[in-house]
Every structure is written in structure tokens, then in C-alpha cells.
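Data block below; observations after.
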Amino acid sequence: MKISVKGVVVKEVNYGESDKILTVLTAEYGIISAIAKRCRNLKNKSGASPQLLSYCSFLFYESKRGYIVNDCEVLEVFWGVIKDLKSLSLAQYFCELALALSPESPNSQDFLRLFLNCIFYLSNKNKDMLLIKSIFEMRSMSLCGYIPNLVYCNKCKKYNPEKIKFYINRGIIICGDCSKKYFIGGHDIAPGVLLALRHIIYSENEKLFSFKISDESLETLSLVSEKYVAYHLDIEFKSLNFYKSLY
Ligand SMILES: [Zn+2]
């Protein structure tokens, strides 16, 4: 059986002398791995062969040993990411996160869209990297079943609570009054951070990247988003460590 599918390469491993195993994030099938035989010879008209972060149109053939790449056309190479070490390491973190979350249909459609948009903005350099990182972290987690409830204080149900604390482990917010009485710990988050988190988690795809945030709030947003991923997935992301070492 052959399947025709578009997707972005999120992992590549050399296999034998000139073969590669490509792992591809697709809209219809989530994550798919396929052997690309003589991958280095598999070039399209512009001379590009599929590699990490290439967006391609694939024709996969299903064999007893799994999928084999029958044909591939590279549709987009994000040079602005590939040629910049910091952007590349952040994009590799997104790849690791995609593999860890392994989105399934129908959520894989929104996941692929999110991934491509984040890589596009990283490549074009017209949005803050920390903002793109936070959006990818919180939105991808929410798409894959780790959605926090940031609508109201989990105790008194107030929608616009004062002195909010974000409890990353439980994925809830608690207002100042309730946290004083009933809770310990939690991360203080300013109203601007709460609004940004709500926007990232609950907005429509079309509006996801259109919001403004102060530099100070962005620092907190990035910190809590990263901690949220780290706590719930409990994985050490090598590319994230590398990205952070580049500051
Ligand atoms: Zn409350």
C-alpha cells in the first residue's frame, strides 16, 4: 500500500552507507518513521534532499519492515533556522518535544500547523525567540492532553483573580486570598502573564501569534512554560540545554 502525505522531518538517523531513517510529523498520521534508501541521492529539482526540518511531500510504501520512502519532494527548507545555531537548537527542542508528545489524529493536524508556524517565525526572525518557545511549549502540551485550567481560581472560581499563583504540578491557578488560606508554593504570575497563557492555550489557530507582552512578563511566561513541560513530561531535553548554553 502506498500513502501520499506531507510532513516535516523531526528526526533523521543514518542507516547503512547511504540510507536514512526519517521520522516525519504529519497532519493525518501523526508521527511516522520511514527508511529513505540512498537518501543522499534523493534530490529534487533544486538539489535539496530531505533532512531535519525539511517540509516535504512524501510517497511512502508500506512493506513488512515498515514504511519506505518511495518518492519525496522537498517543499520548504527553513534556511533562517538551519543557518543560525541558536534558532536551530530551539527548533531541535521542538522536534524532541514533538517526538515525546507524539500527537495523534485529529490533533496532529493542529500540531503540524503549530510546528510549521513556529519554525516559520523562527526562520524569519520577526518574533522574539522566547515568545515562540513559550507558545510552542504551552500550545503543544495543551493539544496533547496536558491542558491546564487557567480560566478561574480553582478554589473560589473568580475569573479575574488578584495576586495569582500558578501551580504547575496541578495545572491550576489560585488567587492571592485562597492561596494564603489553603495553599503553599506556586509561581507568582502577573496579570499580563496570565492573559498570555490564556491566549496561547485557548485562542483560535488564526490568532495564536497575535498578542503583545512586556519583556518582564515574557521572562516569567518562558520560565513557567518551560517548567510546565519539564514537570509533566519528566524528560531531559538535550537540545534545550544546548539552546540555553548559547545565551
Ligand atoms: Zn480564589
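Order determines the names: the first chain of the C-alpha cells is A, the second B, and so forth; residues in each chain are numbered 1 upward, and ligands are numbered 1 upward as they are shown.
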
Env. residues ligand 1 / 7 Å / only C-alpha atoms and all ligand atoms / as a ChimeraX atom specification: /A:153-158,161,174-178

How would the residues just picked look written out with N, CA, C and O atoms as a PDB file, in the first residue's frame?
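again24.pdb written:
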ATOM      1  N   CYS A 153      -9.809  30.953  39.367  1.00  0.00           N
ATOM      2  CA  CYS A 153      -9.183  30.417  40.575  1.00  0.00           C
ATOM      3  C   CYS A 153      -9.822  29.064  40.878  1.00  0.00           C
ATOM      4  O   CYS A 153     -11.047  28.955  40.957  1.00  0.00           O
ATOM      5  N   ASN A 154      -9.005  28.060  41.036  1.00  0.00           N
ATOM      6  CA  ASN A 154      -9.518  26.697  41.214  1.00  0.00           C
ATOM      7  C   ASN A 154     -10.310  26.531  42.512  1.00  0.00           C
ATOM      8  O   ASN A 154     -11.089  25.589  42.656  1.00  0.00           O
ATOM      9  N   LYS A 155     -10.130  27.482  43.459  1.00  0.00           N
ATOM     10  CA  LYS A 155     -10.815  27.366  44.747  1.00  0.00           C
ATOM     11  C   LYS A 155     -12.113  28.189  44.769  1.00  0.00           C
ATOM     12  O   LYS A 155     -13.191  27.649  44.972  1.00  0.00           O
ATOM     13  N   CYS A 156     -11.988  29.531  44.522  1.00  0.00           N
ATOM     14  CA  CYS A 156     -13.179  30.399  44.650  1.00  0.00           C
ATOM     15  C   CYS A 156     -13.857  30.688  43.310  1.00  0.00           C
ATOM     16  O   CYS A 156     -14.901  31.323  43.274  1.00  0.00           O
ATOM     17  N   LYS A 157     -13.245  30.211  42.203  1.00  0.00           N
ATOM     18  CA  LYS A 157     -13.809  30.336  40.843  1.00  0.00           C
ATOM     19  C   LYS A 157     -13.842  31.760  40.298  1.00  0.00           C
ATOM     20  O   LYS A 157     -14.559  32.037  39.339  1.00  0.00           O
ATOM     21  N   LYS A 158     -13.105  32.702  40.929  1.00  0.00           N
ATOM     22  CA  LYS A 158     -13.057  34.071  40.392  1.00  0.00           C
ATOM     23  C   LYS A 158     -12.306  34.058  39.061  1.00  0.00           C
ATOM     24  O   LYS A 158     -11.224  33.476  38.957  1.00  0.00           O
ATOM     25  N   PRO A 161      -8.752  36.904  39.069  1.00  0.00           N
ATOM     26  CA  PRO A 161      -8.199  36.893  40.418  1.00  0.00           C
ATOM     27  C   PRO A 161      -7.011  37.839  40.571  1.00  0.00           C
ATOM     28  O   PRO A 161      -6.354  38.189  39.598  1.00  0.00           O
ATOM     29  N   ILE A 174      -4.519  29.799  41.409  1.00  0.00           N
ATOM     30  CA  ILE A 174      -5.181  30.080  42.692  1.00  0.00           C
ATOM     31  C   ILE A 174      -4.990  31.574  42.978  1.00  0.00           C
ATOM     32  O   ILE A 174      -3.898  32.113  42.773  1.00  0.00           O
ATOM     33  N   CYS A 175      -6.042  32.238  43.449  1.00  0.00           N
ATOM     34  CA  CYS A 175      -5.929  33.671  43.728  1.00  0.00           C
ATOM     35  C   CYS A 175      -5.172  33.895  45.047  1.00  0.00           C
ATOM     36  O   CYS A 175      -4.958  32.962  45.824  1.00  0.00           O
ATOM     37  N   GLY A 176      -4.778  35.160  45.269  1.00  0.00           N
ATOM     38  CA  GLY A 176      -3.995  35.504  46.458  1.00  0.00           C
ATOM     39  C   GLY A 176      -4.708  35.127  47.747  1.00  0.00           C
ATOM     40  O   GLY A 176      -4.103  34.537  48.655  1.00  0.00           O
ATOM     41  N   ASP A 177      -6.004  35.466  47.825  1.00  0.00           N
ATOM     42  CA  ASP A 177      -6.773  35.172  49.057  1.00  0.00           C
ATOM     43  C   ASP A 177      -6.788  33.677  49.359  1.00  0.00           C
ATOM     44  O   ASP A 177      -6.536  33.246  50.482  1.00  0.00           O
ATOM     45  N   CYS A 178      -7.099  32.888  48.351  1.00  0.00           N
ATOM     46  CA  CYS A 178      -7.221  31.438  48.560  1.00  0.00           C
ATOM     47  C   CYS A 178      -5.864  30.796  48.833  1.00  0.00           C
ATOM     48  O   CYS A 178      -5.766  29.871  49.647  1.00  0.00           O
TER      49      CYS A 178
END

Could you pull out all residues of segment 1-242 of chain A with a DSSP call of alpha helix (DSSP H) and give them as a count of residues only? 97

Contacts of Lys180 of chain A at 12 Å or less, counting only C-alpha atoms, minus same-chain residues fewer than 6 places along, as a PDB file with N, CA and C atoms, in the first residue's frame?
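And here's around-v8.pdb as it stands now:
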ATOM      1  N   LYS A 155     -10.130  27.482  43.459  1.00  0.00           N
ATOM      2  CA  LYS A 155     -10.815  27.366  44.747  1.00  0.00           C
ATOM      3  C   LYS A 155     -12.113  28.189  44.769  1.00  0.00           C
ATOM      4  N   GLU A 162      -6.768  38.273  41.813  1.00  0.00           N
ATOM      5  CA  GLU A 162      -5.623  39.129  42.134  1.00  0.00           C
ATOM      6  C   GLU A 162      -4.495  38.241  42.652  1.00  0.00           C
ATOM      7  N   LYS A 163      -3.279  38.738  42.466  1.00  0.00           N
ATOM      8  CA  LYS A 163      -2.085  38.058  43.000  1.00  0.00           C
ATOM      9  C   LYS A 163      -2.117  36.546  42.739  1.00  0.00           C
ATOM     10  N   ILE A 164      -2.146  36.237  41.455  1.00  0.00           N
ATOM     11  CA  ILE A 164      -2.350  34.841  41.054  1.00  0.00           C
ATOM     12  C   ILE A 164      -1.088  34.001  41.262  1.00  0.00           C
ATOM     13  N   LYS A 165      -1.326  32.781  41.639  1.00  0.00           N
ATOM     14  CA  LYS A 165      -0.234  31.806  41.662  1.00  0.00           C
ATOM     15  C   LYS A 165      -0.592  30.664  40.712  1.00  0.00           C
ATOM     16  N   ILE A 174      -4.519  29.799  41.409  1.00  0.00           N
ATOM     17  CA  ILE A 174      -5.181  30.080  42.692  1.00  0.00           C
ATOM     18  C   ILE A 174      -4.990  31.574  42.978  1.00  0.00           C
ATOM     19  N   GLY A 186       3.662  27.493  44.626  1.00  0.00           N
ATOM     20  CA  GLY A 186       3.075  28.127  43.443  1.00  0.00           C
ATOM     21  C   GLY A 186       3.960  29.238  42.907  1.00  0.00           C
TER      22      GLY A 186
END

Can you pull out the residues contacting Glu216 of chain A? Cut-off 12 Å, using only C-alpha atoms, and skip same-chain residues under 6 positions away; I want them as a list in words. Leu130, Leu131, Ile189, Ala190, Pro191, Gly192, Val193, Ser222 and Leu223 of chain A

Could the residues in this selection be written to a file with C-alpha atoms, as an mmCIF file, in the first residue's frame?
data_model
loop_
_atom_site.group_PDB
_atom_site.id
_atom_site.type_symbol
_atom_site.label_atom_id
_atom_site.label_comp_id
_atom_site.auth_asym_id
_atom_site.auth_seq_id
_atom_site.Cartn_x
_atom_site.Cartn_y
_atom_site.Cartn_z
ATOM 1 C CA LEU A 130 11.302 33.332 23.918
ATOM 2 C CA LEU A 131 7.771 34.102 22.761
ATOM 3 C CA ILE A 189 2.347 35.361 37.816
ATOM 4 C CA ALA A 190 1.430 38.931 36.854
ATOM 5 C CA PRO A 191 -1.928 39.571 35.102
ATOM 6 C CA GLY A 192 -0.054 40.033 31.786
ATOM 7 C CA VAL A 193 1.410 36.537 32.087
ATOM 8 C CA SER A 222 9.017 31.480 29.348
ATOM 9 C CA LEU A 223 10.070 30.266 32.787
#

I'd like the contact shell of Ser140 of chain A - 12 Å cut-off, only C-alpha atoms, skipping same-chain residues fewer than 3 positions apart - returned as a VMD selection string. chain A and resid 94 to 104 107 to 115 118 132 to 137 143 to 148 200 to 202 225 to 226 228 to 229

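Here the residues within segment 28-104 of chain A that DSSP labels strand (DSSP E) on the basis of the backbone are Gly30, Ile31, Ile32, Ser33, Ala34, Ile35, Ala36, Tyr55, Cys56, Ser57, Phe58, Leu59, Phe60, Tyr61, Glu62, Ser63, Gly66, Tyr67, Ile68, Val69, Asn70, Asp71, Cys72, Glu73, Val74, Leu75 and Glu76 of chain A.
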
Please dump the current selection as a compact mmCIF listing (two decimals), in the first residue's frame; keep C-alpha atoms.
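Result file follows (result.txt):
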# COMPACT_ATOMS: atom_id res chain seq x y z
CA GLY A 30 0.90 11.92 13.47
CA ILE A 31 4.50 10.70 13.69
CA ILE A 32 5.67 8.25 11.01
CA SER A 33 9.13 6.72 10.56
CA ALA A 34 10.33 5.54 7.16
CA ILE A 35 13.53 4.29 5.61
CA ALA A 36 14.84 6.57 2.87
CA TYR A 55 8.89 20.19 4.89
CA CYS A 56 8.30 17.57 2.20
CA SER A 57 5.71 15.81 0.14
CA PHE A 58 6.29 12.08 0.58
CA LEU A 59 5.09 8.94 -1.09
CA PHE A 60 5.52 6.09 1.40
CA TYR A 61 5.33 2.43 0.51
CA GLU A 62 4.27 0.09 3.31
CA SER A 63 6.48 -3.02 3.49
CA GLY A 66 7.63 -0.69 7.91
CA TYR A 67 7.41 2.35 5.68
CA ILE A 68 9.86 3.01 2.87
CA VAL A 69 10.19 6.39 1.17
CA ASN A 70 9.18 5.77 -2.42
CA ASP A 71 9.36 9.39 -3.52
CA CYS A 72 9.98 12.72 -1.87
CA GLU A 73 9.79 16.34 -2.94
CA VAL A 74 11.28 18.95 -0.62
CA LEU A 75 8.75 21.79 -0.46
CA GLU A 76 10.39 24.11 2.06

Nearest-residue call for Arg198 of chain A, choices A:Arg139, A:Lys2, A:Lys20, A:Arg38, using only C-alpha atoms: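 Closest candidate: A:Arg139.
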